[in-house]
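*Asks:* Just one file: entry16.cif, with mmCIF, C-alpha atoms and all ligand atoms.
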data_upload
#
loop_
_atom_site.group_PDB
_atom_site.id
_atom_site.type_symbol
_atom_site.label_atom_id
_atom_site.label_comp_id
_atom_site.auth_asym_id
_atom_site.auth_seq_id
_atom_site.Cartn_x
_atom_site.Cartn_y
_atom_site.Cartn_z
ATOM 1 C CA MET A 1 -20.153 11.526 -13.267
ATOM 2 C CA THR A 2 -16.906 13.421 -12.710
ATOM 3 C CA THR A 3 -13.553 11.781 -13.445
ATOM 4 C CA ASP A 4 -11.566 14.701 -12.056
ATOM 5 C CA PRO A 5 -8.688 13.222 -9.983
ATOM 6 C CA LEU A 6 -9.351 15.649 -7.145
ATOM 7 C CA ASP A 7 -13.008 14.625 -6.965
ATOM 8 C CA LEU A 8 -12.088 10.949 -7.026
ATOM 9 C CA LEU A 9 -9.489 11.562 -4.306
ATOM 10 C CA GLU A 10 -12.047 13.244 -2.069
ATOM 11 C CA LEU A 11 -14.292 10.189 -2.288
ATOM 12 C CA ALA A 12 -11.386 7.759 -1.870
ATOM 13 C CA ALA A 13 -10.234 9.554 1.273
ATOM 14 C CA ARG A 14 -13.741 9.658 2.725
ATOM 15 C CA ALA A 15 -14.330 5.956 2.074
ATOM 16 C CA ALA A 16 -10.916 5.009 3.482
ATOM 17 C CA ARG A 17 -11.500 7.041 6.632
ATOM 18 C CA GLU A 18 -14.941 5.506 7.117
ATOM 19 C CA ALA A 19 -13.453 2.028 6.823
ATOM 20 C CA ALA A 20 -10.604 2.913 9.197
ATOM 21 C CA ALA A 21 -13.156 4.068 11.780
ATOM 22 C CA TYR A 22 -15.060 0.788 11.293
ATOM 23 C CA VAL A 23 -11.877 -1.265 11.816
ATOM 24 C CA ARG A 24 -10.992 0.683 14.971
ATOM 25 C CA ALA A 25 -14.507 0.185 16.347
ATOM 26 C CA GLU A 26 -14.657 -3.509 15.517
ATOM 27 C CA ARG A 27 -11.201 -4.628 16.620
ATOM 28 C CA PRO A 28 -11.326 -6.470 19.962
ATOM 29 C CA SER A 29 -8.419 -6.339 22.388
ATOM 30 C CA GLY A 30 -5.779 -9.035 22.050
ATOM 31 C CA ARG A 31 -5.385 -11.178 18.956
ATOM 32 C CA VAL A 32 -8.079 -11.088 16.260
ATOM 33 C CA GLU A 33 -9.753 -14.363 15.261
ATOM 34 C CA VAL A 34 -8.850 -15.518 11.754
ATOM 35 C CA ALA A 35 -11.945 -16.335 9.691
ATOM 36 C CA ALA A 36 -10.075 -18.104 6.884
ATOM 37 C CA THR A 37 -6.761 -18.331 5.079
ATOM 38 C CA LYS A 38 -6.165 -17.611 1.384
ATOM 39 C CA SER A 39 -2.930 -18.238 -0.560
ATOM 40 C CA SER A 40 -1.344 -20.193 2.304
ATOM 41 C CA ASP A 41 -1.907 -21.071 5.958
ATOM 42 C CA THR A 42 -0.111 -17.844 6.904
ATOM 43 C CA ASP A 43 -2.274 -15.581 4.677
ATOM 44 C CA PRO A 44 -5.197 -14.655 6.961
ATOM 45 C CA VAL A 45 -8.493 -12.922 6.434
ATOM 46 C CA THR A 46 -10.757 -11.798 9.263
ATOM 47 C CA ARG A 47 -14.416 -10.905 9.526
ATOM 48 C CA ILE A 48 -13.264 -7.309 9.925
ATOM 49 C CA ASP A 49 -11.272 -7.333 6.646
ATOM 50 C CA ARG A 50 -14.455 -8.378 4.864
ATOM 51 C CA GLY A 51 -16.578 -5.859 6.746
ATOM 52 C CA ALA A 52 -14.167 -3.026 6.001
ATOM 53 C CA GLU A 53 -14.269 -3.825 2.293
ATOM 54 C CA ARG A 54 -18.053 -3.683 2.385
ATOM 55 C CA VAL A 55 -17.884 -0.270 4.065
ATOM 56 C CA VAL A 56 -15.628 1.043 1.270
ATOM 57 C CA VAL A 57 -17.573 -0.539 -1.589
ATOM 58 C CA ASP A 58 -20.961 0.553 -0.231
ATOM 59 C CA ARG A 59 -19.751 4.149 0.080
ATOM 60 C CA LEU A 60 -18.181 4.216 -3.382
ATOM 61 C CA LEU A 61 -21.125 2.626 -5.227
ATOM 62 C CA ALA A 62 -23.711 4.658 -3.342
ATOM 63 C CA GLU A 63 -22.145 7.738 -4.921
ATOM 64 C CA ARG A 64 -20.835 6.207 -8.157
ATOM 65 C CA PRO A 65 -23.016 3.209 -9.070
ATOM 66 C CA ASP A 66 -21.495 2.757 -12.558
ATOM 67 C CA ASP A 67 -17.894 2.234 -11.392
ATOM 68 C CA GLY A 68 -15.931 -1.008 -11.330
ATOM 69 C CA VAL A 69 -14.353 -2.523 -8.213
ATOM 70 C CA LEU A 70 -11.331 -4.733 -7.502
ATOM 71 C CA GLY A 71 -11.186 -5.584 -3.785
ATOM 72 C CA GLU A 72 -8.720 -7.882 -2.042
ATOM 73 C CA GLU A 73 -11.488 -9.717 -0.205
ATOM 74 C CA GLY A 74 -13.557 -10.531 -3.256
ATOM 75 C CA GLY A 75 -15.385 -7.328 -4.028
ATOM 76 C CA VAL A 76 -15.058 -7.491 -7.805
ATOM 77 C CA ARG A 77 -17.457 -5.971 -10.346
ATOM 78 C CA GLU A 78 -17.233 -4.640 -13.866
ATOM 79 C CA GLY A 79 -18.184 -1.017 -14.363
ATOM 80 C CA THR A 80 -19.220 1.127 -17.309
ATOM 81 C CA SER A 81 -17.789 4.499 -16.283
ATOM 82 C CA GLY A 82 -14.098 3.861 -16.997
ATOM 83 C CA VAL A 83 -13.377 4.270 -13.294
ATOM 84 C CA ARG A 84 -12.349 1.205 -11.263
ATOM 85 C CA TRP A 85 -11.676 1.289 -7.520
ATOM 86 C CA VAL A 86 -8.769 -0.837 -6.221
ATOM 87 C CA ILE A 87 -9.206 -1.602 -2.536
ATOM 88 C CA ASP A 88 -7.162 -3.181 0.252
ATOM 89 C CA PRO A 89 -9.486 -2.955 3.256
ATOM 90 C CA ILE A 90 -6.740 -3.843 5.715
ATOM 91 C CA ASP A 91 -3.199 -3.785 4.328
ATOM 92 C CA GLY A 92 -1.019 -5.384 6.976
ATOM 93 C CA THR A 93 -3.549 -8.008 8.008
ATOM 94 C CA VAL A 94 -1.039 -10.055 10.002
ATOM 95 C CA ASN A 95 -0.104 -6.922 11.983
ATOM 96 C CA PHE A 96 -3.833 -6.333 12.531
ATOM 97 C CA VAL A 97 -4.389 -9.902 13.762
ATOM 98 C CA TYR A 98 -1.453 -9.716 16.208
ATOM 99 C CA GLY A 99 -2.077 -6.143 17.348
ATOM 100 C CA ILE A 100 1.064 -4.652 15.811
ATOM 101 C CA GLU A 101 -0.194 -1.118 15.163
ATOM 102 C CA ARG A 102 0.922 -0.752 11.548
ATOM 103 C CA TYR A 103 -1.969 -1.449 9.177
ATOM 104 C CA ALA A 104 -3.859 0.729 6.730
ATOM 105 C CA VAL A 105 -6.897 1.066 4.491
ATOM 106 C CA SER A 106 -5.875 1.665 0.877
ATOM 107 C CA VAL A 107 -8.273 2.982 -1.785
ATOM 108 C CA ALA A 108 -7.191 3.888 -5.323
ATOM 109 C CA ALA A 109 -9.174 5.064 -8.351
ATOM 110 C CA GLU A 110 -8.105 3.988 -11.833
ATOM 111 C CA LEU A 111 -9.359 5.837 -14.899
ATOM 112 C CA ASP A 112 -9.089 3.676 -18.021
ATOM 113 C CA GLY A 113 -6.494 1.540 -16.239
ATOM 114 C CA VAL A 114 -4.311 4.401 -14.938
ATOM 115 C CA VAL A 115 -4.288 5.217 -11.214
ATOM 116 C CA VAL A 116 -5.374 8.872 -10.866
ATOM 117 C CA ALA A 117 -6.208 9.094 -7.154
ATOM 118 C CA GLY A 118 -5.029 7.274 -4.050
ATOM 119 C CA ALA A 119 -5.738 7.398 -0.317
ATOM 120 C CA VAL A 120 -3.902 5.421 2.381
ATOM 121 C CA VAL A 121 -5.166 5.776 5.964
ATOM 122 C CA ASP A 122 -3.180 4.432 8.929
ATOM 123 C CA VAL A 123 -5.987 2.848 10.957
ATOM 124 C CA VAL A 124 -4.492 3.262 14.427
ATOM 125 C CA HIS A 125 -2.961 6.722 14.153
ATOM 126 C CA GLY A 126 -5.356 8.287 11.615
ATOM 127 C CA THR A 127 -2.541 9.592 9.421
ATOM 128 C CA ALA A 128 -3.577 9.873 5.752
ATOM 129 C CA TRP A 129 -1.397 9.959 2.652
ATOM 130 C CA LEU A 130 -3.320 11.371 -0.309
ATOM 131 C CA ALA A 131 -2.443 11.885 -3.972
ATOM 132 C CA ALA A 132 -4.226 12.965 -7.170
ATOM 133 C CA ARG A 133 -2.409 12.581 -10.502
ATOM 134 C CA GLY A 134 -0.846 15.889 -11.506
ATOM 135 C CA HIS A 135 -1.765 17.507 -8.189
ATOM 136 C CA GLY A 136 0.963 16.276 -5.853
ATOM 137 C CA ALA A 137 0.813 14.283 -2.626
ATOM 138 C CA VAL A 138 0.108 15.312 0.956
ATOM 139 C CA ARG A 139 0.214 13.768 4.421
ATOM 140 C CA GLU A 140 -2.473 14.724 6.894
ATOM 141 C CA ARG A 141 -1.888 14.183 10.607
ATOM 142 C CA GLY A 142 -4.698 15.714 12.653
ATOM 143 C CA ASP A 143 -4.972 19.343 11.544
ATOM 144 C CA VAL A 144 -1.489 19.348 9.997
ATOM 145 C CA ARG A 145 -1.384 18.952 6.189
ATOM 146 C CA GLU A 146 2.077 18.679 4.639
ATOM 147 C CA THR A 147 2.987 18.614 0.966
ATOM 148 C CA LEU A 148 5.260 15.633 0.296
ATOM 149 C CA ARG A 149 8.538 15.793 -1.640
ATOM 150 C CA LEU A 150 11.159 13.098 -1.292
ATOM 151 C CA PRO A 151 14.263 14.427 0.518
ATOM 152 C CA GLU A 152 17.640 14.320 -1.224
ATOM 153 C CA PRO A 153 18.823 10.714 -0.908
ATOM 154 C CA PRO A 154 21.878 9.548 1.036
ATOM 155 C CA PRO A 155 24.489 7.341 -0.643
ATOM 156 C CA LEU A 156 23.034 3.867 -1.130
ATOM 157 C CA ALA A 157 25.355 2.503 1.557
ATOM 158 C CA SER A 158 23.529 4.800 4.024
ATOM 159 C CA ALA A 159 20.008 4.163 2.740
ATOM 160 C CA LEU A 160 17.282 2.746 5.008
ATOM 161 C CA VAL A 161 15.357 0.223 2.900
ATOM 162 C CA GLY A 162 11.895 -1.236 3.478
ATOM 163 C CA THR A 163 10.927 -4.683 2.284
ATOM 164 C CA GLY A 164 8.511 -7.538 2.868
ATOM 165 C CA PHE A 165 8.034 -11.217 2.283
ATOM 166 C CA SER A 166 5.614 -13.581 0.628
ATOM 167 C CA TYR A 167 2.999 -15.815 2.247
ATOM 168 C CA ASP A 168 4.644 -18.662 0.307
ATOM 169 C CA ALA A 169 7.479 -20.307 2.265
ATOM 170 C CA ASP A 170 9.574 -21.282 -0.775
ATOM 171 C CA ARG A 171 9.387 -17.724 -2.106
ATOM 172 C CA ARG A 172 10.278 -16.377 1.362
ATOM 173 C CA ALA A 173 13.411 -18.510 1.341
ATOM 174 C CA ARG A 174 14.548 -16.883 -1.901
ATOM 175 C CA GLN A 175 13.537 -13.422 -0.665
ATOM 176 C CA GLY A 176 15.436 -13.941 2.572
ATOM 177 C CA ALA A 177 18.581 -14.816 0.621
ATOM 178 C CA ALA A 178 18.161 -11.695 -1.532
ATOM 179 C CA VAL A 179 17.714 -9.485 1.550
ATOM 180 C CA ALA A 180 20.797 -11.064 3.133
ATOM 181 C CA ARG A 181 22.804 -9.994 0.077
ATOM 182 C CA LEU A 182 21.274 -6.494 0.134
ATOM 183 C CA LEU A 183 21.742 -5.848 3.863
ATOM 184 C CA PRO A 184 25.527 -5.155 3.926
ATOM 185 C CA GLN A 185 25.158 -2.777 0.943
ATOM 186 C CA VAL A 186 22.708 -0.389 2.691
ATOM 187 C CA ARG A 187 22.319 1.258 6.112
ATOM 188 C CA ASP A 188 19.690 -1.193 7.323
ATOM 189 C CA VAL A 189 16.381 -2.843 6.434
ATOM 190 C CA ARG A 190 12.908 -2.380 7.917
ATOM 191 C CA ARG A 191 10.054 -4.855 7.561
ATOM 192 C CA ILE A 192 6.951 -2.821 8.511
ATOM 193 C CA GLY A 193 4.427 -5.427 7.320
ATOM 194 C CA ALA A 194 2.190 -3.283 5.111
ATOM 195 C CA ALA A 195 3.299 -2.404 1.582
ATOM 196 C CA SER A 196 1.114 0.703 1.410
ATOM 197 C CA LEU A 197 2.778 2.097 4.551
ATOM 198 C CA ASP A 198 6.218 1.131 3.229
ATOM 199 C CA LEU A 199 5.585 3.058 0.027
ATOM 200 C CA CYS A 200 4.133 6.061 1.864
ATOM 201 C CA SER A 201 7.251 6.023 4.056
ATOM 202 C CA VAL A 202 9.404 6.497 0.952
ATOM 203 C CA ALA A 203 7.136 9.390 -0.078
ATOM 204 C CA ASP A 204 7.424 11.127 3.315
ATOM 205 C CA GLY A 205 11.107 10.415 3.865
ATOM 206 C CA THR A 206 10.848 7.911 6.699
ATOM 207 C CA LEU A 207 12.405 5.335 4.379
ATOM 208 C CA ASP A 208 14.965 5.953 1.623
ATOM 209 C CA ALA A 209 13.872 3.052 -0.588
ATOM 210 C CA TYR A 210 11.590 0.036 -0.783
ATOM 211 C CA VAL A 211 11.700 -3.281 -2.618
ATOM 212 C CA GLU A 212 9.281 -6.218 -2.507
ATOM 213 C CA GLU A 213 8.158 -9.120 -4.677
ATOM 214 C CA GLY A 214 4.751 -10.734 -4.744
ATOM 215 C CA LEU A 215 2.506 -7.736 -4.193
ATOM 216 C CA GLN A 216 -1.022 -7.474 -5.513
ATOM 217 C CA PRO A 217 -2.459 -4.353 -7.213
ATOM 218 C CA TRP A 218 -4.402 -3.409 -4.069
ATOM 219 C CA ASP A 219 -1.190 -3.382 -2.011
ATOM 220 C CA HIS A 220 0.503 -0.666 -4.069
ATOM 221 C CA ALA A 221 -2.056 1.118 -6.314
ATOM 222 C CA ALA A 222 -2.812 4.051 -4.007
ATOM 223 C CA ALA A 223 0.576 4.344 -2.283
ATOM 224 C CA GLY A 224 2.412 4.025 -5.598
ATOM 225 C CA LEU A 225 0.721 7.234 -6.761
ATOM 226 C CA VAL A 226 1.660 8.909 -3.464
ATOM 227 C CA VAL A 227 5.295 8.025 -4.239
ATOM 228 C CA THR A 228 5.293 9.393 -7.791
ATOM 229 C CA GLU A 229 3.334 12.515 -6.934
ATOM 230 C CA ALA A 230 5.890 13.177 -4.159
ATOM 231 C CA GLY A 231 8.665 13.032 -6.778
ATOM 232 C CA GLY A 232 9.687 9.412 -6.270
ATOM 233 C CA ALA A 233 10.537 6.769 -8.859
ATOM 234 C CA LEU A 234 8.198 3.764 -8.793
ATOM 235 C CA GLY A 235 9.522 0.736 -10.644
ATOM 236 C CA GLY A 236 9.559 -3.008 -10.989
ATOM 237 C CA HIS A 237 11.016 -5.839 -13.012
ATOM 238 C CA ASP A 238 10.263 -4.288 -16.382
ATOM 239 C CA GLY A 239 10.329 -0.766 -15.017
ATOM 240 C CA ARG A 240 6.704 -0.966 -13.888
ATOM 241 C CA PRO A 241 5.351 -2.089 -10.482
ATOM 242 C CA GLY A 242 3.832 -5.558 -10.572
ATOM 243 C CA GLU A 243 3.590 -8.920 -8.862
ATOM 244 C CA ARG A 244 7.134 -9.777 -9.933
ATOM 245 C CA LEU A 245 8.668 -6.700 -8.223
ATOM 246 C CA VAL A 246 7.906 -3.262 -6.831
ATOM 247 C CA THR A 247 10.623 -0.695 -6.086
ATOM 248 C CA ALA A 248 10.406 2.886 -4.853
ATOM 249 C CA VAL A 249 13.318 5.310 -4.425
ATOM 250 C CA HIS A 250 14.492 8.856 -5.180
ATOM 251 C CA PRO A 251 15.162 9.239 -8.939
ATOM 252 C CA ALA A 252 18.813 10.149 -8.236
ATOM 253 C CA LEU A 253 19.326 6.718 -6.642
ATOM 254 C CA GLU A 254 17.071 4.692 -8.932
ATOM 255 C CA GLN A 255 19.659 3.352 -11.374
ATOM 256 C CA GLU A 256 22.074 2.248 -8.648
ATOM 257 C CA PHE A 257 19.333 0.829 -6.422
ATOM 258 C CA SER A 258 17.746 -1.108 -9.289
ATOM 259 C CA ALA A 259 21.111 -2.586 -10.259
ATOM 260 C CA VAL A 260 21.824 -3.698 -6.681
ATOM 261 C CA VAL A 261 18.311 -5.144 -6.348
ATOM 262 C CA ARG A 262 18.804 -7.204 -9.512
ATOM 263 C CA ALA A 263 22.300 -8.315 -8.447
ATOM 264 C CA CYS A 264 20.937 -9.454 -5.059
ATOM 265 C CA GLY A 265 18.470 -11.733 -6.801
ATOM 266 C CA PHE A 266 15.102 -10.044 -6.198
HETATM 267 C C1 LIG B 301 0.733 -7.606 2.919
HETATM 268 C C2 LIG B 301 1.651 -6.572 2.301
HETATM 269 C C3 LIG B 301 3.076 -6.748 2.826
HETATM 270 C C4 LIG B 301 3.572 -8.108 2.461
HETATM 271 C C5 LIG B 301 2.680 -9.139 3.101
HETATM 272 C C6 LIG B 301 1.222 -8.978 2.630
HETATM 273 P P1 LIG B 301 -1.891 -7.893 3.194
HETATM 274 O O1 LIG B 301 -0.555 -7.413 2.389
HETATM 275 O O2 LIG B 301 1.185 -5.289 2.609
HETATM 276 O O3 LIG B 301 3.946 -5.781 2.283
HETATM 277 O O4 LIG B 301 4.895 -8.261 2.884
HETATM 278 O O5 LIG B 301 3.145 -10.416 2.753
HETATM 279 O O6 LIG B 301 1.154 -9.219 1.257
HETATM 280 O O7 LIG B 301 -1.975 -9.375 2.946
HETATM 281 O O8 LIG B 301 -1.713 -7.590 4.630
HETATM 282 O O9 LIG B 301 -3.026 -7.131 2.556
#
As structure tokens - that is how I would like this structure written.

*Replies:*
Amino acid sequence: MTTDPLDLLELAARAAREAAAYVRAERPSGRVEVAATKSSDTDPVTRIDRGAERVVVDRLLAERPDDGVLGEEGGVREGTSGVRWVIDPIDGTVNFVYGIERYAVSVAAELDGVVVAGAVVDVVHGTAWLAARGHGAVRERGDVRETLRLPEPPPLASALVGTGFSYDADRRARQGAAVARLLPQVRDVRRIGAASLDLCSVADGTLDAYVEEGLQPWDHAAAGLVVTEAGGALGGHDGRPGERLVTAVHPALEQEFSAVVRACGF
């Protein structure tokens, strides 16, 4: 089986689009019923999250039966091919439950532990952010396909920064205090509610930077590659994205942004 990043990206994009179509078809009007909660009472999962993950996994394994899987809703299997798929079937689940139209399907392919392909599909609007390692990043909106390169950054004091908060109330209290210290040092803050869309916004220039603690691999695997293939700097507490911290920003602003993030207590 191929491990070419472009081939893996084609499959990731197809599976993500199929799942996005499933979510659009299944979502009722109004608020979506929560099937269960996970890490806290405010961390929901719906029948449609689980169904969307099955759509992605079934597509991927039908074509690549020897691959591994890591899915947010429990789709986990060891593989033998060296390729592992990292899946968030609905990133922005709370937005999905409430009907706030910012949620995405995120599918990434790792090869021997390194993300080499990533697809993020905005469920409502159909926009797709796609990246293959060494081949750049693009945004597709309808028939329009644009190559992504981060714009030159503004001074940090004029930067629009995305962030998010944990499902754990004690951690949210600390995060809120950190954001309060950050806010007067930047233009403004946006809390979109889906990490993959936050990161893709840095890649396409609709945000200048992003910082969040408490993310899982499925939240940032695909969109993190979109950021780096668009020329962005993806970082974290030890310089690498992880549960402790994820940052994304133009390389020219990275040192200053990272220092401010640390000083604010993220
Ligand atoms: C969400 C992230 C978001 C974060 C939320 C939650 P989910 O992922 O995309 O950035 O702030 O707390 O973790 O749970 O919707 O897949």

*Asks:* Quick one: contact table of chain A to ligand LIG 301 (chain B), 6 Å max, nearest atom pair and distance in Å to one decimal per residue, counting only C-alpha atoms and all ligand atoms, chain and number order, as CSV?

*Replies:*
residue,atom,partner,partner_atom,distance
A:Ile90,CA,B:LIG301,O9,5.9
A:Asp91,CA,B:LIG301,O9,3.8
A:Gly92,CA,B:LIG301,O8,3.3
A:Thr93,CA,B:LIG301,O8,3.9
A:Val94,CA,B:LIG301,O8,5.9
A:Gly164,CA,B:LIG301,O4,3.7
A:Phe165,CA,B:LIG301,O4,4.4
A:Ser166,CA,B:LIG301,O5,4.5
A:Tyr167,CA,B:LIG301,O5,5.4
A:Gly193,CA,B:LIG301,C3,4.9
A:Ala194,CA,B:LIG301,O2,3.4
A:Ala195,CA,B:LIG301,O3,3.5
A:Leu215,CA,B:LIG301,O6,5.8
A:Asp219,CA,B:LIG301,O2,5.5

*Asks:* Report as a list in words all protein, DNA and RNA residues lying within 10 Å of A:Ala177, evaluated on only C-alpha atoms, omitting residues in the same chain fewer than 3 positions from it.

*Replies:*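 Counting only C-alpha atoms, the residues come to Arg172, Ala173, Arg174, Ala180, Arg181, Leu182, Cys264, Gly265 and Phe266 of chain A.
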
*Asks:* Report as a list in words all protein, DNA and RNA residues lying within 12 Å of A:His135, evaluated on only C-alpha atoms, omitting residues in the same chain fewer than 6 positions from it.

*Replies:*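 Once the adjacent positions are removed, what remains is Asp4, Pro5, Leu6, Asp7, Leu9, Val116, Ala117, Gly118, Thr147, Leu148, Leu225, Val226, Thr228, Glu229, Ala230 and Gly231 of chain A.
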
*Asks:* Just to confirm, what's the straight-line distance from atom CA of A:Val211 to atom CA of A:Glu10 in Å (one decimal)?

*Replies:*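 Calculated distance between atom CA of A:Val211 and atom CA of A:Glu10 is 28.9 Å.
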
*Asks:* Carefully work through the PyMOL selection byres (((chain A and resi 96-100) around 9) and not hetatm) for this structure and note down the residues it includes, as number ranges by chain.

*Replies:* A: 27, 29-34, 44-46, 90-95, 101-103

*Asks:* Work out how far apart atom CA of A:Thr42 and atom CA of A:Asp198 are and give it in Å to one decimal.

*Replies:*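 Going from atom CA of A:Thr42 over to atom CA of A:Asp198 covers 20.3 Å.
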
*Asks:* With distances taken over only C-alpha atoms, which residue among A:Gly235, A:Trp129, A:Val260, A:Leu150 lies nearest A:Gln185?

*Replies:* A:Val260

*Asks:* Could you jot down the atom CA of A:Ala131 to atom CA of A:Pro89 separation for me, Å, one decimal place?

*Replies:*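 Taking atom CA of A:Ala131 and atom CA of A:Pro89, their separation equals 17.9 Å.
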
*Asks:* Residues at most 6 Å from A:Gly71, counting all atoms listed in the file, excluding those fewer than 5 positions away in the same chain, as a list in words?

*Replies:*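 Answer for this query is Val76, Val86 and Ile87 of chain A.
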
*Asks:* So, counting all atoms listed in the file, which residue among A:Val114, A:Leu156, A:Ala108, A:Val161 is closest to A:Leu253?

*Replies:* A:Leu156

*Asks:* Have a look at A:Arg84, A:Arg17, A:Arg191, A:Arg77 and name the one nearest to A:Val55; count all atoms listed in the file.

*Replies:*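 Answer, going by the shortest atom-to-atom distance: A:Arg17.
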
*Asks:* Between A:Asp43, A:Glu243, A:Glu212, A:Glu26, which residue has the minimum interatomic distance to A:Gly176, considering all atoms listed in the file?

*Replies:*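 Checking each candidate against A:Gly176, we get A:Glu212 as the closest.
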
*Asks:* Measuring atom to atom with only C-alpha atoms, identify which of A:Ser258, A:Thr80, A:Asp49, A:Leu197 is nearest to A:Thr37.

*Replies:*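 Going through A:Ser258, A:Thr80, A:Asp49, A:Leu197 one by one, the smallest distance to A:Thr37 is for A:Asp49.
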
*Asks:* Residues picked by the PyMOL selection byres (((chain A and resi 121) around 7) and not hetatm) here, as a list in words?

*Replies:* Ala16, Arg17, Ala20, Ala104, Val105, Ser106, Ala119, Val120, Asp122, Val123, Gly126, Thr127, Ala128 and Trp129 of chain A

*Asks:* Which residue gives the smallest distance to A:Val246 among A:Arg14, A:His220, A:Arg141, A:Arg47, with only C-alpha atoms counted?

*Replies:*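 Comparing A:Arg14, A:His220, A:Arg141, A:Arg47 against A:Val246, the winner is A:His220.
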
*Asks:* Give me the residues near A:Met1 as a list of chain:residue names, where near means some atom within 12 Å (using only C-alpha atoms) and where sequence neighbours in that chain fewer than 6 positions away do not count.

*Replies:* A:Asp7, A:Leu8, A:Glu63, A:Arg64, A:Pro65, A:Asp66, A:Asp67, A:Thr80, A:Ser81, A:Gly82, A:Val83

*Asks:* Might you spell out which residues the PyMOL selection byres (((chain A and resi 251) around 10) and not hetatm) would select in the displayed file, as a ChimeraX atom specification?

*Replies:* /A:150,152-153,228,231-234,248-250,252-257
